[in-house]
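Working notes, beginning with the structure itself.
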Amino acid sequence: MVYGAELSDDWYDGSHWPETFSHKLSEKLGFGLDYTCLAKCGNSNDKIFRDLIRWFVEGKISDACNNQTVSVSDCTHMVVLWSQWFRDEIFSFTHDYNFPDGDISQSWDDMNMGLVQYRSCGNNISEHITDRQLKAVSDYWNFVKKDGRKRLVDVMSFMQTIQLLCDTHGIKLVQGFFSTGFYDHLVKLKNEDKNVSERSRTRNNYWKNVNKMISSLKPTSRVGFGKFKSILPYFIRDKKLLPFGHPTAEVHAEYAEYLYNIFQEHFPEGEKK
């Protein structure tokens with residue numbers, strides 16, 4: 001979604017960048033404003049968080065990164081759209097980094113350290129790990145991750161951290177999700193627990209703390225998460241999509257305008273944060 005997959009015939013060569021909402025947004029925010037896109041296709045929130053932290057700490061995570069020109073010291077605005085909550089990653093010595101492979105997705109640069117991204121516990125994962133590891137991954141998926149409660153807390157911790165770092169560095173941050181799926185799943189779990197006849201202390205404590213985490217996020221950190229609209233489904237509704245459900249250049253342009261208006265309304269000129 002953020003990378004702009006399928007916006008050109010060869011979207012690895014970077015010629016599609018001017019069509020992406022991040023590029024269009026940088027143009028709206030200031031003439032000639034440099035921008036850096038850290039997005040990669042199919043990546044999990046773990047990798048998004050890791051790449052952002054490395055950027056904050058190291059200043060520049062990779063020469064091969066998409067148009068990397070902006071350092072922490074001169075960054076003024078940031079947009080983070082978190083990925084599908086159920087994506088994860090696994091270490092593999094054998095993965096071919098030249099092509100995506102079913103449920104496996106690489107990063108197209110040298111920063112992923114053998115950690116390949118997977119969307120679910122797909123069959124082709126068995127090609128990259130031992131039978132014992134595959135069983136462990138399957139068990140993890142079915143008994144821990146699929147439920148989503150821990151993952152919800154993990155991702156909100158990521159969001160709190162990025163919000164704090166941006167506040168510390170005076171960066172104007174808008175963050176959230178490209179899809180409402182994360183928030184919808186949270187609401188679904190909450191409703192399920194409400195319907196439990198005898199609510200346990202653990203359930204009460206879990207949602208009490210989840211609510212605290214949500215309330216700690218500024219409205220500008222809740223795009224597609226109870227505040228503001230996400231790309232999916234609002235901006236792609238009734239529009240012809242590109243392969244794999246990716247938004248067209250028209251959708252990217254509309255979303256750039258939408259995010260620009262959020263920045264203008266919530267971060268008036270003259271305010272550092």
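We label chains A, B, ... in the order they appear in the structure tokens, count residues from 1 in each chain, and number ligands from 1 in the order shown.
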Mind checking which residues fall within 9 Å of A:Asp154, counting only C-alpha atoms, ignoring those fewer than 5 positions away in the same chain, and posting them as a list in words?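 Residues near the query, excluding close chain neighbours: Asp46, Arg149 and Met159 of chain A.
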Any chance you can output those residues with C-alpha atoms as a tab-separated table (two decimals), in the first residue's frame?
chain	number	residue	atom	x	y	z
A	46	ASP	CA	7.91	-6.08	13.69
A	149	ARG	CA	-4.67	-10.25	22.08
A	159	MET	CA	2.85	3.07	18.26
Going by DSSP on the backbone, which bits of stretch 17-96 of chain A are alpha helix (DSSP H)? Write them as an MDAnalysis selection string, please. chainID A and resid 21:29 45:58
Work out how far apart atom CA of A:Gly42 and atom CA of A:Met1 are and give it in Å to one decimal.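 Atom CA of A:Gly42 sits 9.2 Å away from atom CA of A:Met1.
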Could you state the separation of atom CA of A:Leu81 and atom CA of A:Pro18 in Å, given to one decimal place? 18.5 Å
Using only C-alpha atoms, which residue out of A:Arg151, A:His16, A:Lys28, A:His169 lies closest to A:Ser44?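 Under the stated criterion, the closest residue is A:Arg151.
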Nearest to A:Phe228, chosen from A:Ile262, A:Leu242, A:Val57, A:Val72, with only C-alpha atoms counted in the distances: A:Ile262
When you draw a straight line from atom CA of A:Leu173 to atom CA of A:Ser22, how long is it in Å?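 Between these atoms lies a distance of 13.2 Å.
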Write out as a VMD selection string each polymer residue whose atoms come within 9 Å of A:Ser71, counting only C-alpha atoms; drop sequence neighbours fewer than 4 positions from it. chain A and resid 36 55 to 56 59 to 60 75
Hey, what's within 9 Å of A:Ile236 if we count only C-alpha atoms and toss same-chain stuff fewer than 3 positions away? As a ChimeraX atom specification, please? /A:231-233,239-241,245-248,251
Could you name the residues that touch A:Ile48 at 9 Å or less, counting only C-alpha atoms, but leaving out those on the same chain fewer than 3 positions away, as a ChimeraX atom specification? /A:38-40,43-45,51-53,80,82-83
Keeping C-alpha atoms for every residue in the selection just given, could you write it to a file as an mmCIF file, in the first residue's frame?
data_model
loop_
_atom_site.group_PDB
_atom_site.id
_atom_site.type_symbol
_atom_site.label_atom_id
_atom_site.label_comp_id
_atom_site.auth_asym_id
_atom_site.auth_seq_id
_atom_site.Cartn_x
_atom_site.Cartn_y
_atom_site.Cartn_z
ATOM 1 C CA LEU A 38 11.045 3.099 4.404
ATOM 2 C CA ALA A 39 8.145 0.932 3.226
ATOM 3 C CA LYS A 40 8.657 -2.518 1.745
ATOM 4 C CA ASN A 43 6.394 -6.525 5.710
ATOM 5 C CA SER A 44 5.221 -7.174 9.238
ATOM 6 C CA ASN A 45 4.834 -4.621 11.994
ATOM 7 C CA ASP A 51 13.419 -0.191 10.667
ATOM 8 C CA LEU A 52 11.993 2.936 12.302
ATOM 9 C CA ILE A 53 14.047 2.436 15.477
ATOM 10 C CA VAL A 80 3.530 5.555 9.670
ATOM 11 C CA TRP A 82 1.169 -0.073 10.241
ATOM 12 C CA SER A 83 0.635 -3.344 8.408
#
Would you give me, as CSV, each residue of stretch 128-175 of chain A having an atom within 10 Å of an atom of stretch 214-218 of chain A, along with its shortest atom pair and that distance in Å to one decimal, using only C-alpha atoms and sorting by chain and residue number?
residue,atom,partner,partner_atom,distance
A:Val153,CA,A:Ile214,CA,9.8
A:Met156,CA,A:Ile214,CA,7.5
A:Ser157,CA,A:Ile214,CA,9.8
A:Met159,CA,A:Leu217,CA,7.8
A:Gln160,CA,A:Leu217,CA,6.6
A:Gln163,CA,A:Leu217,CA,7.6
A:Leu164,CA,A:Leu217,CA,9.7
A:Leu173,CA,A:Lys218,CA,9.7
A:Val174,CA,A:Lys218,CA,9.2
A:Gln175,CA,A:Lys218,CA,9.5
May I have the selected residues written with C-alpha atoms, as a PDB file, in the first residue's frame?
ATOM      1  CA  VAL A 153      -0.673  -4.976  22.751  1.00  0.00           C
ATOM      2  CA  MET A 156       0.162  -0.440  20.373  1.00  0.00           C
ATOM      3  CA  SER A 157       3.504  -0.498  22.216  1.00  0.00           C
ATOM      4  CA  MET A 159       2.855   3.068  18.263  1.00  0.00           C
ATOM      5  CA  GLN A 160       3.445   4.561  21.725  1.00  0.00           C
ATOM      6  CA  GLN A 163       4.823   8.782  19.131  1.00  0.00           C
ATOM      7  CA  LEU A 164       7.216   9.424  22.035  1.00  0.00           C
ATOM      8  CA  LEU A 173       3.570  12.479  13.344  1.00  0.00           C
ATOM      9  CA  VAL A 174       0.483  10.971  11.755  1.00  0.00           C
ATOM     10  CA  GLN A 175       0.230   7.214  12.240  1.00  0.00           C
TER      11      GLN A 175
END
Residue nearest A:Thr20 - candidates A:Tyr3, A:Tyr183, A:Tyr35, A:Trp141, atoms counted: only C-alpha atoms: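 Closest to A:Thr20 of all the choices is A:Tyr3.
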Which residue gives the smallest distance to A:Glu27 among A:Glu257, A:Asn205, A:Phe267, A:Phe86, with only C-alpha atoms counted?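 Closest to A:Glu27 of all the choices is A:Glu257.
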